[in-house]
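To be precise, the following lines are work_20.txt, and they hold compact mmCIF, C-alpha atoms.
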# COMPACT_ATOMS: atom_id res chain seq x y z
CA MET A 1431 -12.72 3.48 8.21
CA GLU A 1432 -15.33 1.08 9.56
CA GLN A 1433 -17.19 1.18 6.22
CA THR A 1434 -13.97 0.51 4.33
CA LEU A 1435 -13.05 -2.44 6.53
CA THR A 1436 -16.52 -3.92 6.07
CA ARG A 1437 -16.64 -3.26 2.32
CA TYR A 1438 -13.37 -5.06 1.70
CA GLY A 1439 -13.87 -7.82 4.25
CA LEU A 1440 -11.03 -6.63 6.46
CA THR A 1441 -12.75 -6.61 9.84
CA ASN A 1442 -10.80 -8.59 12.43
CA ARG A 1443 -7.93 -9.08 9.96
CA GLY A 1444 -5.17 -7.20 11.77
CA VAL A 1445 -5.13 -4.14 9.53
CA THR A 1446 -2.27 -1.71 10.14
CA LEU A 1447 -2.56 1.95 9.19
CA HIS A 1448 0.93 3.38 8.73
CA GLN A 1449 1.06 7.15 8.76
CA ASP A 1450 3.20 10.13 9.63
CA ARG A 1451 3.21 11.78 13.03
CA GLY A 1452 0.99 14.71 12.12
CA SER A 1453 -1.18 15.99 14.94
CA PRO A 1454 -4.43 14.46 13.57
CA MET A 1455 -2.75 11.04 13.31
CA ILE A 1456 -1.43 11.01 16.88
CA ALA A 1457 -4.49 12.51 18.55
CA GLN A 1458 -5.80 10.27 21.32
CA SER A 1459 -9.36 10.44 19.98
CA PHE A 1460 -8.21 9.23 16.54
CA LEU A 1461 -6.11 6.42 18.04
CA ASP A 1462 -9.06 5.37 20.23
CA LEU A 1463 -11.37 5.33 17.21
CA MET A 1464 -8.95 3.19 15.18
CA ALA A 1465 -8.51 0.80 18.12
CA ASP A 1466 -12.28 0.52 18.45
CA VAL A 1467 -12.53 -0.78 14.87
CA GLY A 1468 -9.48 -3.03 15.30
CA VAL A 1469 -6.95 -1.02 13.30
CA VAL A 1470 -3.36 -0.89 14.55
CA CYS A 1471 -1.79 2.53 14.03
CA SER A 1472 1.91 2.61 13.29
CA HIS A 1473 3.80 5.80 12.64
CA GLY A 1474 6.88 6.90 10.77
CA ARG A 1475 10.00 7.84 12.63
CA PRO A 1476 10.20 11.39 13.93
CA ARG A 1477 11.47 13.93 11.38
CA VAL A 1478 11.72 11.32 8.59
CA SER A 1479 9.57 12.53 5.72
CA ASN A 1480 10.02 9.49 3.48
CA ASP A 1481 9.25 6.74 5.98
CA ASN A 1482 6.39 5.37 3.88
CA PRO A 1483 7.82 4.82 0.39
CA PHE A 1484 4.48 3.60 -0.97
CA SER A 1485 2.71 6.83 -0.10
CA GLU A 1486 5.65 8.93 -1.26
CA SER A 1487 5.68 7.13 -4.62
CA GLN A 1488 1.94 7.64 -5.03
CA PHE A 1489 2.29 11.35 -4.17
CA LYS A 1490 5.01 11.73 -6.81
CA THR A 1491 2.84 10.02 -9.42
CA LEU A 1492 -0.08 12.29 -8.46
CA LYS A 1493 1.93 15.50 -8.56
CA THR A 1494 3.58 14.70 -11.90
CA GLN A 1495 0.32 14.06 -13.75
CA PRO A 1496 0.07 16.37 -16.78
CA ASP A 1497 -3.37 17.58 -15.67
CA PHE A 1498 -2.47 18.10 -11.98
CA PRO A 1499 -3.45 21.72 -11.35
CA GLY A 1500 -1.04 22.38 -8.47
CA ARG A 1501 -3.78 24.36 -6.73
CA PHE A 1502 -7.48 23.68 -6.68
CA ASP A 1503 -10.21 26.32 -6.79
CA SER A 1504 -12.30 24.58 -4.14
CA PRO A 1505 -12.59 21.35 -2.17
CA GLU A 1506 -15.17 20.18 -4.71
CA SER A 1507 -12.78 20.67 -7.64
CA ALA A 1508 -10.09 18.75 -5.73
CA ARG A 1509 -12.53 15.88 -5.07
CA LEU A 1510 -13.57 15.73 -8.73
CA TRP A 1511 -9.97 15.66 -9.90
CA ALA A 1512 -9.07 13.02 -7.28
CA VAL A 1513 -11.94 10.72 -8.30
CA ASP A 1514 -10.66 10.61 -11.89
CA TYR A 1515 -7.05 10.30 -10.77
CA PHE A 1516 -7.62 7.37 -8.39
CA CYS A 1517 -9.80 5.58 -10.92
CA TRP A 1518 -6.93 5.83 -13.40
CA TYR A 1519 -4.28 5.01 -10.77
CA ASN A 1520 -6.04 1.86 -9.58
CA HIS A 1521 -7.49 0.52 -12.84
CA GLU A 1522 -5.27 1.74 -15.70
CA HIS A 1523 -1.83 2.62 -14.33
CA HIS A 1524 0.52 -0.35 -14.58
CA HIS A 1525 2.87 -0.24 -11.58
CA SER A 1526 6.48 -1.32 -11.90
CA GLY A 1527 6.41 -2.44 -8.24
CA LEU A 1528 3.52 -4.77 -9.11
CA ALA A 1529 5.34 -6.36 -12.08
CA GLY A 1530 3.39 -4.23 -14.55
CA PHE A 1531 -0.04 -5.02 -13.17
CA THR A 1532 -2.62 -2.52 -11.96
CA PRO A 1533 -3.56 -2.38 -8.27
CA ALA A 1534 -7.07 -3.53 -9.21
CA GLN A 1535 -5.71 -6.59 -11.02
CA VAL A 1536 -3.63 -7.55 -8.00
CA TYR A 1537 -6.38 -6.86 -5.47
CA THR A 1538 -9.01 -8.87 -7.36
CA GLY A 1539 -6.63 -11.66 -8.39
CA ASN A 1540 -7.18 -10.94 -12.10
CA TYR A 1541 -3.42 -10.61 -12.48
CA GLN A 1542 -3.24 -14.41 -12.64
CA ALA A 1543 -5.20 -14.56 -15.92
CA VAL A 1544 -3.19 -11.67 -17.35
CA SER A 1545 0.01 -13.43 -16.29
CA GLN A 1546 -1.02 -16.58 -18.15
CA VAL A 1547 -1.53 -14.53 -21.33
CA ARG A 1548 1.86 -12.89 -20.83
CA GLN A 1549 3.51 -16.27 -20.28
CA ALA A 1550 1.87 -17.74 -23.39
CA THR A 1551 3.17 -14.80 -25.42
CA LEU A 1552 6.67 -15.21 -23.99
CA ASP A 1553 6.56 -18.95 -24.71
CA ARG A 1554 5.54 -18.33 -28.31
CA TYR A 1555 8.34 -15.80 -28.88
CA TYR A 1556 10.86 -18.06 -27.17
CA LYS A 1557 9.83 -20.96 -29.42
CA ASP A 1558 10.15 -18.81 -32.56
CA HIS A 1559 13.34 -16.95 -31.57
CA PRO A 1560 15.25 -18.70 -28.76
CA GLU A 1561 18.42 -16.85 -29.77
CA ARG A 1562 16.90 -13.61 -28.46
CA PHE A 1563 16.76 -15.00 -24.95
CA CYS A 1564 20.37 -15.37 -23.79
CA GLN A 1565 19.30 -16.27 -20.25
CA GLY A 1566 17.00 -19.10 -21.26
CA LYS A 1567 13.25 -19.42 -21.32
CA PRO A 1568 11.61 -16.25 -19.97
CA LYS A 1569 9.11 -16.30 -17.14
CA ALA A 1570 6.37 -13.72 -16.73
CA ALA A 1571 6.94 -11.62 -13.63
CA LEU A 1572 4.41 -11.74 -10.81
CA PRO A 1573 3.67 -9.13 -8.16
CA PRO A 1574 5.23 -9.67 -4.73
CA GLU A 1575 3.28 -11.89 -2.35
CA ALA A 1576 3.89 -9.58 0.61
CA VAL A 1577 5.29 -6.12 1.15
CA HIS A 1578 6.55 -4.65 4.40
CA ILE A 1579 7.07 -1.02 5.32
CA ASN A 1580 10.36 -0.31 7.05
CA PRO A 1581 11.07 -3.85 8.25
CA ILE A 1582 13.08 -4.03 11.43
CA THR A 1583 14.81 -6.99 12.93
CA SER A 1584 16.35 -5.62 16.11
CA GLU A 1585 14.78 -4.98 19.48
CA ALA A 1586 12.17 -2.37 18.64
CA LEU A 1587 9.76 -1.45 21.37
CA GLU A 1588 10.27 -2.52 24.94
CA GLY A 1589 12.00 -5.75 23.99
CA GLU A 1590 9.72 -6.70 21.08
CA THR A 1591 11.15 -8.04 17.87
CA SER A 1592 9.31 -7.61 14.60
CA THR A 1593 9.93 -8.22 10.93
CA ALA A 1594 7.52 -5.53 9.76
CA VAL A 1595 5.79 -2.45 11.05
CA ASN A 1596 2.62 -4.07 12.31
CA PHE A 1597 2.60 -2.84 15.88
CA PRO A 1598 1.63 0.42 17.55
CA THR A 1599 4.70 2.64 17.40
CA LEU A 1600 3.50 5.29 19.85
CA PRO A 1601 2.72 4.70 23.52
CA ALA A 1602 -0.70 6.32 23.02
CA ALA A 1603 -1.52 3.92 20.17
CA ARG A 1604 -0.42 0.97 22.28
CA LYS A 1605 -2.59 2.10 25.19
CA ALA A 1606 -5.59 2.50 22.88
CA LEU A 1607 -5.18 -1.08 21.67
CA GLU A 1608 -4.65 -2.41 25.17
CA ARG A 1609 -7.86 -0.65 26.22
CA THR A 1610 -9.76 -2.59 23.56
CA ASN A 1611 -7.82 -5.83 24.27
CA LYS A 1612 -6.45 -5.95 20.72
CA CYS A 1613 -2.76 -5.83 21.59
Can you turn what I pasted into structure tokens?
Amino acid sequence: MEQTLTRYGLTNRGVTLHQDRGSPMIAQSFLDLMADVGVVCSHGRPRVSNDNPFSESQFKTLKTQPDFPGRFDSPESARLWAVDYFCWYNHEHHHSGLAGFTPAQVYTGNYQAVSQVRQATLDRYYKDHPERFCQGKPKAALPPEAVHINPITSEALEGETSTAVNFPTLPAARKALERTNKC
């Protein structure tokens, strides 16, 4: 995690890792490690399997790939398949939730250049055939500026109010952050 935060320039940026409540994810040693590198751990609600729609959507995409084997012969075969899959998922798969852009385009900011090409194409077609656009001049869609997992607006934890899950949702995670003075 520390390497990932450094690689992507996310150190000291208030990164939140949202996960389920599986035993590895709620283990005190894991929570302490995440707190040490400045990562806030939030967790899904108990017994709610679809509390992270982004992960669930990615899992569905993964499992419905035509070449997904269902079972792997070894950890190495799983890793090899996953490398190809995530390369495709991040660089070639156009996501409807990202307005038809790839995650790589959004992450790097290249979506802006692609959007300008899309807008120029829409402008040209609108100029040539305005009758096809009953709602007026079309505008190229852009990805959302921000996305929140399970936003809440009521009193959440011990009197706190939040508009997004960006806080430790387990007492153990909160204590780990308090220990490192990050909360």
For this session: May I ask for the distance between CA of Thr1610 in chain A and CA of Ala1465 in chain A, given in Å to one decimal place?
Result: 6.5 Å
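Picture a line from CA of Lys1557 in chain A to CA of Gly1530 in chain A; it runs 23.3 Å.
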For this session: Name the residues in contact with range 1507-1523 of chain A at a cut-off of 8 Å, using all atoms listed in the file, excluding same-chain residues fewer than 5 positions from it; report them as a PyMOL selection string.
Result: chain A and resi 1492+1502+1531-1535
For this session: Check the smallest atom-to-atom distance from each of A:Gly1439, A:Gly1527, A:Gly1566, A:Pro1601 to Leu1461 in chain A using all atoms listed in the file, then report the winner.
Result: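 Going through A:Gly1439, A:Gly1527, A:Gly1566, A:Pro1601 one by one, the smallest distance to Leu1461 in chain A is for A:Pro1601.
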Exercise. If you measure from CA of Arg1554 in chain A to CA of Tyr1537 in chain A, what distance in Å do you get, rounded to one decimal?
Worked result: 28.2 Å
Seminar exercise, completed: Asn1482 in chain A proximity check over A:Leu1447, A:Pro1454, A:Arg1501, A:Thr1538, using all atoms listed in the file: winner is A:Leu1447
